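Visitor: The structure that follows is given in the form of structure tokens.
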Amino acid sequence: MTLYTTDRRAIDAVLFDLDGTLVETSNRWAADLAERLAPLRRLSSRIDTEKLARALVMAIEMPANYLVSSLERLGLTGVISGIADRVRRSKGLAIRGQAELIVGSEALLEALAPQVRLAVVTTRARAEAHAFVQSAGFARFFPVIITRQDVWRMKPHPAPVLAAAEQLDVDPERCLLVGDTVMDVRAAKRAGAVAVGVLTGIANRQELERAGADLILERADELLPHLSP
């Protein structure tokens, strides 16, 4: 398939983030933090507390993911599993068995599957990511699922994208990653892949543009008109 944007590259594989891309995320954590930061507006009306809250959430998320990943590698998963679920609820993230799909996700995958290879690239744990894919009925679409337990470095490092490309036996430069965060975009660009940002998650258009997104869509299912056989 060919991507019809400023980067008209041949695409052999499309990689998807989960939260905020295929699975609904309420961004409750960022909204709650923005509310707590509201008094800062008294210091200056130019302070954008929503933007600041999103930036803080993204800054906290990466080291938190690395901490959880390290504990898992040490065999301490049982110690953190309950805490992890509580954190996900507070952030508005779906927990296992409670995933709500973003409109158009299934139709998009149905259309793409006969034409390109597909994979999931997520910072969720392996068992959890596979459970989401199974419960959504998406297992038939995704022969490859890269989680935080499959790589030593996570997004925005290119390692997860490169791992997915390797398992799909595709050149990273012929991959396209769809995600809702600055970390997704940066991981794709650093791997040499095409980066498509969606506005169904935590980042806004300006943030995705600054990160270097090749294309920004309201929802992932808007990708199809930008691709041709």
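The way I read the labels, and the way they are meant: chains A, B, ... in the order of the structure tokens, residue 1 as the first residue of every chain, and ligand 1 as the first ligand shown, with later ones counted on from there.
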Run DSSP on the backbone and grab whatever in stretch 183-218 of chain A lands in strand (DSSP E or B); send it over as a VMD selection string.
Guide: chain A and resid 194 to 198 215 to 217
Visitor: Output the selection as a PDB file, in the first residue's frame - N, CA and C atoms for each residue.
Guide:
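Full text of again_10.pdb as output:
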```pdb
ATOM      1  N   VAL A 194       6.855   5.612   9.426  1.00  0.00           N
ATOM      2  CA  VAL A 194       5.907   6.717   9.276  1.00  0.00           C
ATOM      3  C   VAL A 194       5.119   6.837  10.578  1.00  0.00           C
ATOM      4  N   ALA A 195       4.932   8.067  11.049  1.00  0.00           N
ATOM      5  CA  ALA A 195       4.220   8.307  12.307  1.00  0.00           C
ATOM      6  C   ALA A 195       2.870   8.970  12.038  1.00  0.00           C
ATOM      7  N   VAL A 196       1.799   8.303  12.453  1.00  0.00           N
ATOM      8  CA  VAL A 196       0.449   8.849  12.319  1.00  0.00           C
ATOM      9  C   VAL A 196      -0.117   9.067  13.722  1.00  0.00           C
ATOM     10  N   GLY A 197      -0.435  10.311  14.034  1.00  0.00           N
ATOM     11  CA  GLY A 197      -1.018  10.626  15.332  1.00  0.00           C
ATOM     12  C   GLY A 197      -2.529  10.705  15.247  1.00  0.00           C
ATOM     13  N   VAL A 198      -3.202  10.267  16.311  1.00  0.00           N
ATOM     14  CA  VAL A 198      -4.664  10.355  16.376  1.00  0.00           C
ATOM     15  C   VAL A 198      -5.068  11.179  17.597  1.00  0.00           C
ATOM     16  N   LEU A 215       1.285  12.569   9.750  1.00  0.00           N
ATOM     17  CA  LEU A 215      -0.143  12.714   9.465  1.00  0.00           C
ATOM     18  C   LEU A 215      -0.877  12.705  10.801  1.00  0.00           C
ATOM     19  N   ILE A 216      -1.880  13.555  10.945  1.00  0.00           N
ATOM     20  CA  ILE A 216      -2.675  13.613  12.186  1.00  0.00           C
ATOM     21  C   ILE A 216      -4.143  13.454  11.814  1.00  0.00           C
ATOM     22  N   LEU A 217      -4.814  12.515  12.474  1.00  0.00           N
ATOM     23  CA  LEU A 217      -6.210  12.196  12.185  1.00  0.00           C
ATOM     24  C   LEU A 217      -7.065  12.336  13.441  1.00  0.00           C
TER      25      LEU A 217
END
```
Visitor: From the set A:Tyr4, A:Ile102, A:Leu15, A:Glu173, which residue has the shortest atom-to-atom contact distance to A:Ile145, counting only C-alpha atoms?
Guide: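 Distance minimum relative to A:Ile145 lands on A:Leu15.
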Visitor: Which is closest to A:Gly192 among A:Gln167, A:Leu223, A:Leu177, A:His130, if we use only C-alpha atoms?
Guide: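 That would be A:Leu177, the residue with the smallest distance to A:Gly192.
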Visitor: Tell me which protein, DNA and RNA residues are within 12 Å of stretch 103-112 of chain A, counting only C-alpha atoms, leaving out same-chain ones fewer than 4 positions away, and put them as a PyMOL selection string.
Guide: chain A and resi 1+11-18+20-24+116-120+133+136-142+178+200+218-225+227-229
Visitor: Just the selected residues (N, CA and C atoms), exported as a compact mmCIF listing (two decimals), in the first residue's frame, please.
Guide:
```
# COMPACT_ATOMS: atom_id res chain seq x y z
N MET A 1 0.85 -1.19 0.00
CA MET A 1 0.00 0.00 0.00
C MET A 1 0.89 1.25 0.00
N ILE A 11 3.94 1.09 2.12
CA ILE A 11 3.72 0.59 3.48
C ILE A 11 3.41 -0.90 3.43
N ASP A 12 4.22 -1.68 4.16
CA ASP A 12 4.01 -3.13 4.23
C ASP A 12 3.37 -3.56 5.55
N ALA A 13 3.46 -2.69 6.58
CA ALA A 13 2.92 -3.06 7.90
C ALA A 13 2.40 -1.83 8.62
N VAL A 14 1.30 -2.02 9.34
CA VAL A 14 0.73 -0.95 10.17
C VAL A 14 0.73 -1.43 11.62
N LEU A 15 1.35 -0.64 12.48
CA LEU A 15 1.47 -0.96 13.90
C LEU A 15 0.54 -0.05 14.68
N PHE A 16 -0.12 -0.60 15.70
CA PHE A 16 -1.08 0.18 16.47
C PHE A 16 -0.73 0.19 17.96
N ASP A 17 -0.81 1.38 18.55
CA ASP A 17 -0.86 1.50 20.00
C ASP A 17 -2.25 1.02 20.43
N LEU A 18 -2.43 0.73 21.72
CA LEU A 18 -3.75 0.31 22.20
C LEU A 18 -4.54 1.47 22.81
N GLY A 20 -6.12 4.78 23.76
CA GLY A 20 -6.28 6.06 23.09
C GLY A 20 -6.20 5.95 21.58
N THR A 21 -5.93 4.75 21.07
CA THR A 21 -5.82 4.54 19.63
C THR A 21 -6.87 3.56 19.14
N LEU A 22 -6.89 2.36 19.73
CA LEU A 22 -7.93 1.37 19.43
C LEU A 22 -8.91 1.22 20.59
N VAL A 23 -8.43 1.48 21.82
CA VAL A 23 -9.24 1.32 23.03
C VAL A 23 -9.51 2.69 23.64
N GLU A 24 -10.74 2.92 24.05
CA GLU A 24 -11.12 4.20 24.65
C GLU A 24 -10.34 4.46 25.94
N VAL A 116 -2.00 -5.49 4.34
CA VAL A 116 -0.72 -5.24 5.02
C VAL A 116 -0.64 -6.12 6.26
N ARG A 117 0.57 -6.23 6.82
CA ARG A 117 0.75 -6.95 8.07
C ARG A 117 0.44 -6.01 9.24
N LEU A 118 -0.10 -6.56 10.30
CA LEU A 118 -0.53 -5.75 11.44
C LEU A 118 0.11 -6.21 12.73
N ALA A 119 0.34 -5.25 13.63
CA ALA A 119 0.90 -5.58 14.95
C ALA A 119 0.43 -4.55 15.96
N VAL A 120 0.47 -4.94 17.22
CA VAL A 120 0.22 -4.03 18.34
C VAL A 120 1.55 -3.70 18.98
N VAL A 133 -6.64 -7.93 23.30
CA VAL A 133 -6.77 -8.30 21.90
C VAL A 133 -7.75 -9.45 21.73
N ALA A 136 -11.42 -8.29 22.49
CA ALA A 136 -11.95 -7.44 21.43
C ALA A 136 -12.22 -8.21 20.15
N GLY A 137 -11.78 -9.47 20.10
CA GLY A 137 -11.94 -10.27 18.89
C GLY A 137 -10.93 -9.91 17.82
N PHE A 138 -9.79 -9.33 18.24
CA PHE A 138 -8.79 -8.85 17.29
C PHE A 138 -7.62 -9.81 17.09
N ALA A 139 -7.64 -10.96 17.74
CA ALA A 139 -6.50 -11.88 17.65
C ALA A 139 -6.21 -12.27 16.20
N ARG A 140 -7.25 -12.36 15.39
CA ARG A 140 -7.07 -12.76 13.99
C ARG A 140 -6.32 -11.70 13.19
N PHE A 141 -6.29 -10.46 13.69
CA PHE A 141 -5.62 -9.39 12.97
C PHE A 141 -4.15 -9.25 13.35
N PHE A 142 -3.82 -9.61 14.59
CA PHE A 142 -2.50 -9.28 15.13
C PHE A 142 -1.67 -10.52 15.45
N VAL A 178 0.49 3.93 14.27
CA VAL A 178 -0.63 4.78 14.63
C VAL A 178 -0.70 4.86 16.15
N THR A 200 -7.66 10.84 19.59
CA THR A 200 -8.61 10.13 20.46
C THR A 200 -8.00 9.83 21.82
N GLU A 218 -8.34 12.60 13.25
CA GLU A 218 -9.25 12.64 14.39
C GLU A 218 -9.37 11.26 15.02
N ARG A 219 -9.48 10.22 14.17
CA ARG A 219 -9.57 8.84 14.64
C ARG A 219 -8.77 7.94 13.71
N ALA A 220 -8.40 6.78 14.22
CA ALA A 220 -7.58 5.87 13.44
C ALA A 220 -8.26 5.42 12.16
N ASP A 221 -9.60 5.27 12.17
CA ASP A 221 -10.28 4.77 10.98
C ASP A 221 -10.27 5.76 9.82
N GLU A 222 -9.78 6.99 10.07
CA GLU A 222 -9.65 7.95 8.98
C GLU A 222 -8.38 7.69 8.15
N LEU A 223 -7.62 6.68 8.53
CA LEU A 223 -6.38 6.36 7.82
C LEU A 223 -6.64 5.83 6.42
N LEU A 224 -7.69 5.06 6.25
CA LEU A 224 -7.92 4.37 4.98
C LEU A 224 -7.89 5.27 3.73
N PRO A 225 -8.53 6.44 3.75
CA PRO A 225 -8.49 7.28 2.54
C PRO A 225 -7.08 7.77 2.19
N LEU A 227 -4.47 5.80 2.22
CA LEU A 227 -3.74 4.64 1.71
C LEU A 227 -4.37 4.15 0.43
N SER A 228 -3.53 3.67 -0.46
CA SER A 228 -4.07 3.07 -1.69
C SER A 228 -3.30 1.79 -1.98
N PRO A 229 -3.95 0.80 -2.60
CA PRO A 229 -3.29 -0.48 -2.91
C PRO A 229 -2.06 -0.26 -3.80
```
Visitor: Near A:Val182, within 9 Å and counting only C-alpha atoms, which residues show up once chain neighbours fewer than 6 positions away are dropped, as a list in words?
Guide: Met58, Pro156, Gly197, Ile202, Ala203, Glu207, Leu208, Glu209, Arg210, Ala211, Gly212 and Ala213 of chain A
Visitor: Pull C-alpha atoms from the residues just selected and write them as a PDB file, in the first residue's frame.
Guide:
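Writing done, so here's again00.pdb:
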```
ATOM      1  CA  MET A  58       3.445  11.930  30.021  1.00  0.00           C
ATOM      2  CA  PRO A 156       9.759   6.866  22.783  1.00  0.00           C
ATOM      3  CA  GLY A 197      -1.018  10.626  15.332  1.00  0.00           C
ATOM      4  CA  ILE A 202      -3.963  12.282  25.427  1.00  0.00           C
ATOM      5  CA  ALA A 203      -2.025  14.497  22.988  1.00  0.00           C
ATOM      6  CA  GLU A 207       1.890  18.410  20.441  1.00  0.00           C
ATOM      7  CA  LEU A 208       1.769  15.699  17.781  1.00  0.00           C
ATOM      8  CA  GLU A 209       2.895  18.168  15.103  1.00  0.00           C
ATOM      9  CA  ARG A 210       5.861  19.276  17.201  1.00  0.00           C
ATOM     10  CA  ALA A 211       6.821  15.636  17.770  1.00  0.00           C
ATOM     11  CA  GLY A 212       7.066  15.211  13.989  1.00  0.00           C
ATOM     12  CA  ALA A 213       3.892  13.317  13.055  1.00  0.00           C
TER      13      ALA A 213
END
```
Visitor: Just how far from atom CA of A:Leu101 is atom CA of A:Glu128, in Å to one decimal?
Guide: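 Result for atom CA of A:Glu128 versus atom CA of A:Leu101: 15.5 Å, one decimal.
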